[in-house]
Amino acid sequence: MALNNQYLILDSKLRRIGTLTVDGATRFSNDSIKMQLADADTTSTSYDDDVNVGTQDNFNGTINLNAQSKKFDHQGSLDVLQGQPDSDKVVAGNNLAYYDSLSGHWYVMRIYSVEENNTAAVKHVTTANFTNLCLYTLAHHYPVAITASTSSIKTAFNQCFNATGWELDYQTNNVMTPAITIDGKTKASTLVQTLIQTYNVEIDPYVEIDSQGNITKKVCVITDQLNHDVVYNEAVFGKNMTSVKRTTVSNPITKLVPYGANGNTIDGVNDGKPYIVDDEANRAYNPDWQAGLYYEGVITANSIENPAGLKVWAEEMLKLYNHPRTYYEVNVTPKFNPPLGATIRFKDELIKPALDASGRVIQRTISFANPYGNTVGFGEYVTVPVATPAWMQGYQSAINDALEKAKEDASSIKPVALTPDGNNFTSANQTKRLILQAWEGNTNISAYIDSKGFIWHRYNTDGSIDTNFNQTGYLVNAAFNDVGTLHGTIETSYIQDDPEIKLQTSDIHSLGSFNPDDSALGVTEATQYMCPLSNGQYITSRAINQKTTGDTMFVLHDANFKPISKMVVSHGGHGSSFSVEEVDNTIYIWSATKPNLNVNEYAVSRIPYIPNVTLSNDDARITRFCNVDRYIRVSVDFKHGYVLCGYVNGKHDVLKLDDVKQGNYDVLYSFDVSNYGFDMNQQTYQSQGIDFPYVFFHSGDYNMKDPRMVYAVNVVHGGQEFASNYLLDMNLGLTDDVIEPEGCDIIYSQTNQPELLVTFNCDSIERVFVIPIEERLPMTAKGGE
């Protein structure tokens, strides 16, 4: 197959499904791929060309400037004009493969997001953003926890890559045995960056592809120095170097104060001084050195407890900061393209002062569509913190950061008391709800605190605490004489690592699959929602006639999902959420209906299931309880007695079932999905369910262009329980090209365990799963409470 100037399109299972070329049937443009071995410090544009820069520039990379600065990254993007034969295959979840002639390797890049734009010629263009498949895989893998132990490089990397499908190729003589700890909660993508730094090695993850474009092996090379034996030709400005940018960061540190674990210092092993200095560097860069002044800095190593070890580490770190650092970014001609890791000498006699330097290529950017845009980066490595790649941050919740801050500094948690019922009492027997939330900064972490950690104190009229009052929990009902005297506090020793509930993804089981169409019944369209019946049968909903009357079809299925009968409710809406009530062998569907076609109102309604009939919008057999001025999705929690009403703008209301039956739309709790990382402009809301106090909702369009996410929120204290990706955070075993979340109902098992009943539209096949919901065990009360 032709190798250059093309990308193979692979589906989510790495099967070849198309091709992108610069001049073929499906063309691409504006592609750019960046690979790097380390970060270069360009955070400052402070230049000082008279200091440490000139004809003797020599950044040859032989000094171990900082193993901790090493960071592997491999990202890219390209544009594809829509309407071409294979352009519709450039979607999030698919992959692109390209051949790098310099390394002789194929690389697979996972498309993690796409953007659609219009050009001036009113042409639709898809921009695909992608990352190395290995990084993507590691970002969704959590290595099994191990306690601190001295580990060889093979032991550590094997543990990191275990069960990822990537084969490790060790090309290293590394004999280090540092102490490695894996907590079981750190993504492998973060861990691998730590291991790269710890063992001072570099990686190269590539794939092997056969002549048909099929992936035969996924390999990650681990080596001391990539392409260490490659010395490339000299680059000269005006010849094969079209431009050069030299960045010097001139903020040297000559006096360093190191802190270790628990704030330990080195004064006990350093003649009573908690700092170290570099007098030679100070004389070179500090004009006030004769006055005894230094350029001071502070650095912390939370993992180092031994003071002697802390001092040795600080001495190494001072070498990184005791001089200005220079980084070079060079634009080169298409034929001058050194591989990553190669050593090169480059000259520019026109720049002042003149440039004559050498260094390793630590960053490289290539483009097939525009090879004149190729760049290479040389220079000194600097310390960078290990962090989640930027492309994954959109899936990460601020909760993790907030919990870490709360654990480190208990004073950062702020209790927030809410009085949703007000504090005006009409009688001495009346009570009012008081809700206590726990906030760290702008993040509600209430779901991660045991109920015993929400502590209420009652104050006497003289200001003293009433020692006879002892109440905990995020929700209390206060009598008229309590409001104003009750104060809530958060006991941080009750912070938990897990939320109140989470999906038990290790125990997902499939209930089966079925074709939603049934010609005998005249049943078509994909199912929107599913509810089980007590006899093992099911009711599903379908949106029909949406461009005209907007009707809802409800279908009764047997235990094997075969359709038995159907009922149509005129103007019933999309049917994306409903609930089923069984009374005296009669099935009632709780959903929304439109009582008056001339008024933009919908009613929370109870509809008897009558086989093979069509109920008009004003049918007398429908019981309508209360009206709202817009379309609503209705879900009912009969077990606890609550009704959930969701609106298309993301707002959700929770009401008491008894109040609704009385015709009252009295909102007890309310929340908006946009407060939980749900982007209404980018995500397609699908359906919802309620198991009070928890509300569940999920998203994902048929076109696979937005994430398949499922969320849970505690509607009382407002804390988020989880936000999980169906395709990334769990293994459903699906191989379909289309996986569209549909139904999202909460059921209970025979052992009374709550479960999430989820249905997916997989390109005309409906697939049904049950995911157990794991409830966090309550903590034992602390002593003295």
# chains A, B, ... in the order shown; residues from 1 in each chain; ligands from 1
>>> residues_around(residues="A:Asp88", least_positions_apart="2", cutoff="12 Å", atoms="only C-alpha atoms", output="ChimeraX atom specification")
/A:9,11,17-20,26,80-86,90-92,94,114,116,124-128,703-705
>>> closest_residue(among="A:Asn714, A:Ser749, A:Ser579, A:Asn725", to="A:Ser687", atoms="only C-alpha atoms")
A:Ser579
>>> residues_around(residues="A:Gln546", least_positions_apart="6", cutoff="9 Å", atoms="only C-alpha atoms", output="VMD selection string")
chain A and resid 552 571 573 to 574
>>> select_by_dssp(residues="stretch 153-285 of chain A", states="helix (DSSP H, G or I)", output="ChimeraX atom specification")
/A:153-161,188-199,261-263,267-269,279-285
>>> write_last_selection(atoms="C-alpha atoms", output="tab-separated table (two decimals), in the first residue's frame")
chain	number	residue	atom	x	y	z
A	153	ILE	CA	12.01	-0.96	35.33
A	154	LYS	CA	10.32	-4.07	33.91
A	155	THR	CA	8.29	-4.65	37.07
A	156	ALA	CA	7.06	-1.05	37.12
A	157	PHE	CA	6.21	-0.69	33.42
A	158	ASN	CA	4.66	-4.16	33.25
A	159	GLN	CA	2.37	-3.20	36.11
A	160	CYS	CA	1.44	0.03	34.36
A	161	PHE	CA	0.68	-1.60	30.98
A	188	ALA	CA	-1.98	4.69	33.74
A	189	SER	CA	-1.47	7.75	31.51
A	190	THR	CA	-0.35	9.71	34.55
A	191	LEU	CA	1.63	6.82	35.98
A	192	VAL	CA	3.59	6.24	32.77
A	193	GLN	CA	4.80	9.85	32.79
A	194	THR	CA	5.99	9.34	36.37
A	195	LEU	CA	7.83	6.15	35.40
A	196	ILE	CA	9.46	7.86	32.41
A	197	GLN	CA	10.82	10.49	34.75
A	198	THR	CA	11.71	8.13	37.59
A	199	TYR	CA	13.71	5.76	35.38
A	261	ALA	CA	7.32	15.18	53.59
A	262	ASN	CA	5.47	16.78	56.49
A	263	GLY	CA	7.47	19.97	56.03
A	267	ASP	CA	19.05	21.87	58.61
A	268	GLY	CA	19.87	18.76	60.70
A	269	VAL	CA	22.25	17.45	58.03
A	279	ASP	CA	28.04	30.63	44.80
A	280	GLU	CA	29.59	30.15	41.37
A	281	ALA	CA	26.24	30.57	39.63
A	282	ASN	CA	25.39	33.47	41.93
A	283	ARG	CA	28.54	35.33	40.92
A	284	ALA	CA	27.78	34.69	37.25
A	285	TYR	CA	24.19	35.86	37.21
>>> atom_distance(atom1="atom CA of A:Asn752", atom2="atom CA of A:Ile632")
29.5 Å
>>> residues_around(residues="A:Asp706", least_positions_apart="3", cutoff="10 Å", atoms="only C-alpha atoms", output="list in words")
Val91, Ala92, Gly93, Tyr112, Ser113, Val114, Asp679, Gln682, Gln683, Thr684, Ser699, Gly700, Asp701, Tyr702, Asn703 and Met709 of chain A
>>> write_last_selection(atoms="N, CA, C and O atoms", output="PDB file, in the first residue's frame")
ATOM      1  N   VAL A  91     -15.010  10.513  12.743  1.00  0.00           N
ATOM      2  CA  VAL A  91     -15.853  10.823  13.894  1.00  0.00           C
ATOM      3  C   VAL A  91     -15.134  10.408  15.166  1.00  0.00           C
ATOM      4  O   VAL A  91     -14.218   9.579  15.152  1.00  0.00           O
ATOM      5  N   ALA A  92     -15.545  11.014  16.263  1.00  0.00           N
ATOM      6  CA  ALA A  92     -14.969  10.663  17.554  1.00  0.00           C
ATOM      7  C   ALA A  92     -15.197   9.185  17.838  1.00  0.00           C
ATOM      8  O   ALA A  92     -16.292   8.660  17.635  1.00  0.00           O
ATOM      9  N   GLY A  93     -14.156   8.513  18.286  1.00  0.00           N
ATOM     10  CA  GLY A  93     -14.228   7.081  18.565  1.00  0.00           C
ATOM     11  C   GLY A  93     -13.532   6.240  17.523  1.00  0.00           C
ATOM     12  O   GLY A  93     -13.130   5.114  17.815  1.00  0.00           O
ATOM     13  N   TYR A 112     -10.493  11.839  19.481  1.00  0.00           N
ATOM     14  CA  TYR A 112     -11.219  12.021  20.739  1.00  0.00           C
ATOM     15  C   TYR A 112     -12.263  13.127  20.665  1.00  0.00           C
ATOM     16  O   TYR A 112     -13.137  13.216  21.523  1.00  0.00           O
ATOM     17  N   SER A 113     -12.200  13.984  19.643  1.00  0.00           N
ATOM     18  CA  SER A 113     -13.246  14.982  19.466  1.00  0.00           C
ATOM     19  C   SER A 113     -13.220  15.475  18.028  1.00  0.00           C
ATOM     20  O   SER A 113     -12.198  15.411  17.341  1.00  0.00           O
ATOM     21  N   VAL A 114     -14.364  15.956  17.571  1.00  0.00           N
ATOM     22  CA  VAL A 114     -14.464  16.560  16.249  1.00  0.00           C
ATOM     23  C   VAL A 114     -15.220  17.872  16.369  1.00  0.00           C
ATOM     24  O   VAL A 114     -16.069  18.047  17.252  1.00  0.00           O
ATOM     25  N   ASP A 679     -22.697  19.709  29.014  1.00  0.00           N
ATOM     26  CA  ASP A 679     -22.733  20.837  28.079  1.00  0.00           C
ATOM     27  C   ASP A 679     -23.949  20.682  27.168  1.00  0.00           C
ATOM     28  O   ASP A 679     -23.961  19.856  26.265  1.00  0.00           O
ATOM     29  N   GLN A 682     -23.165  20.860  23.459  1.00  0.00           N
ATOM     30  CA  GLN A 682     -22.324  19.843  22.846  1.00  0.00           C
ATOM     31  C   GLN A 682     -22.838  18.430  23.059  1.00  0.00           C
ATOM     32  O   GLN A 682     -22.456  17.518  22.317  1.00  0.00           O
ATOM     33  N   GLN A 683     -23.683  18.215  24.057  1.00  0.00           N
ATOM     34  CA  GLN A 683     -24.156  16.880  24.376  1.00  0.00           C
ATOM     35  C   GLN A 683     -25.654  16.753  24.103  1.00  0.00           C
ATOM     36  O   GLN A 683     -26.402  17.720  24.251  1.00  0.00           O
ATOM     37  N   THR A 684     -26.057  15.557  23.737  1.00  0.00           N
ATOM     38  CA  THR A 684     -27.466  15.267  23.477  1.00  0.00           C
ATOM     39  C   THR A 684     -28.058  14.552  24.680  1.00  0.00           C
ATOM     40  O   THR A 684     -27.702  13.405  24.962  1.00  0.00           O
ATOM     41  N   SER A 699     -26.390  10.806  28.240  1.00  0.00           N
ATOM     42  CA  SER A 699     -26.327  11.540  26.979  1.00  0.00           C
ATOM     43  C   SER A 699     -25.576  10.730  25.931  1.00  0.00           C
ATOM     44  O   SER A 699     -24.872   9.767  26.246  1.00  0.00           O
ATOM     45  N   GLY A 700     -25.681  11.181  24.678  1.00  0.00           N
ATOM     46  CA  GLY A 700     -24.957  10.561  23.574  1.00  0.00           C
ATOM     47  C   GLY A 700     -25.819  10.500  22.330  1.00  0.00           C
ATOM     48  O   GLY A 700     -26.835   9.805  22.298  1.00  0.00           O
ATOM     49  N   ASP A 701     -25.451  11.234  21.273  1.00  0.00           N
ATOM     50  CA  ASP A 701     -26.247  11.287  20.058  1.00  0.00           C
ATOM     51  C   ASP A 701     -25.995  10.055  19.183  1.00  0.00           C
ATOM     52  O   ASP A 701     -24.979   9.380  19.308  1.00  0.00           O
ATOM     53  N   TYR A 702     -26.920   9.828  18.266  1.00  0.00           N
ATOM     54  CA  TYR A 702     -26.800   8.695  17.338  1.00  0.00           C
ATOM     55  C   TYR A 702     -25.553   8.824  16.470  1.00  0.00           C
ATOM     56  O   TYR A 702     -24.940   7.815  16.102  1.00  0.00           O
ATOM     57  N   ASN A 703     -25.132  10.056  16.163  1.00  0.00           N
ATOM     58  CA  ASN A 703     -23.997  10.256  15.259  1.00  0.00           C
ATOM     59  C   ASN A 703     -22.638  10.015  15.912  1.00  0.00           C
ATOM     60  O   ASN A 703     -21.607  10.170  15.264  1.00  0.00           O
ATOM     61  N   MET A 709     -22.229   9.543  28.077  1.00  0.00           N
ATOM     62  CA  MET A 709     -22.026   9.783  29.502  1.00  0.00           C
ATOM     63  C   MET A 709     -23.265   9.432  30.316  1.00  0.00           C
ATOM     64  O   MET A 709     -24.398   9.592  29.855  1.00  0.00           O
TER      65      MET A 709
END
>>> residues_around(residues="stretch 731-738 of chain A", least_positions_apart="2", cutoff="9 Å", atoms="only C-alpha atoms", output="ChimeraX atom specification")
/A:11-13,505-506,508-510,702-704,726-729,740,761-763,769
>>> atom_distance(atom1="atom CA of A:Pro420", atom2="atom CA of A:Leu475")
11.0 Å
>>> closest_residue(among="A:Lys661, A:Thr549, A:Ala543, A:Ala314", to="A:Thr265", atoms="only C-alpha atoms")
A:Ala314
>>> atom_distance(atom1="atom CA of A:Pro516", atom2="atom CA of A:Met730")
25.2 Å
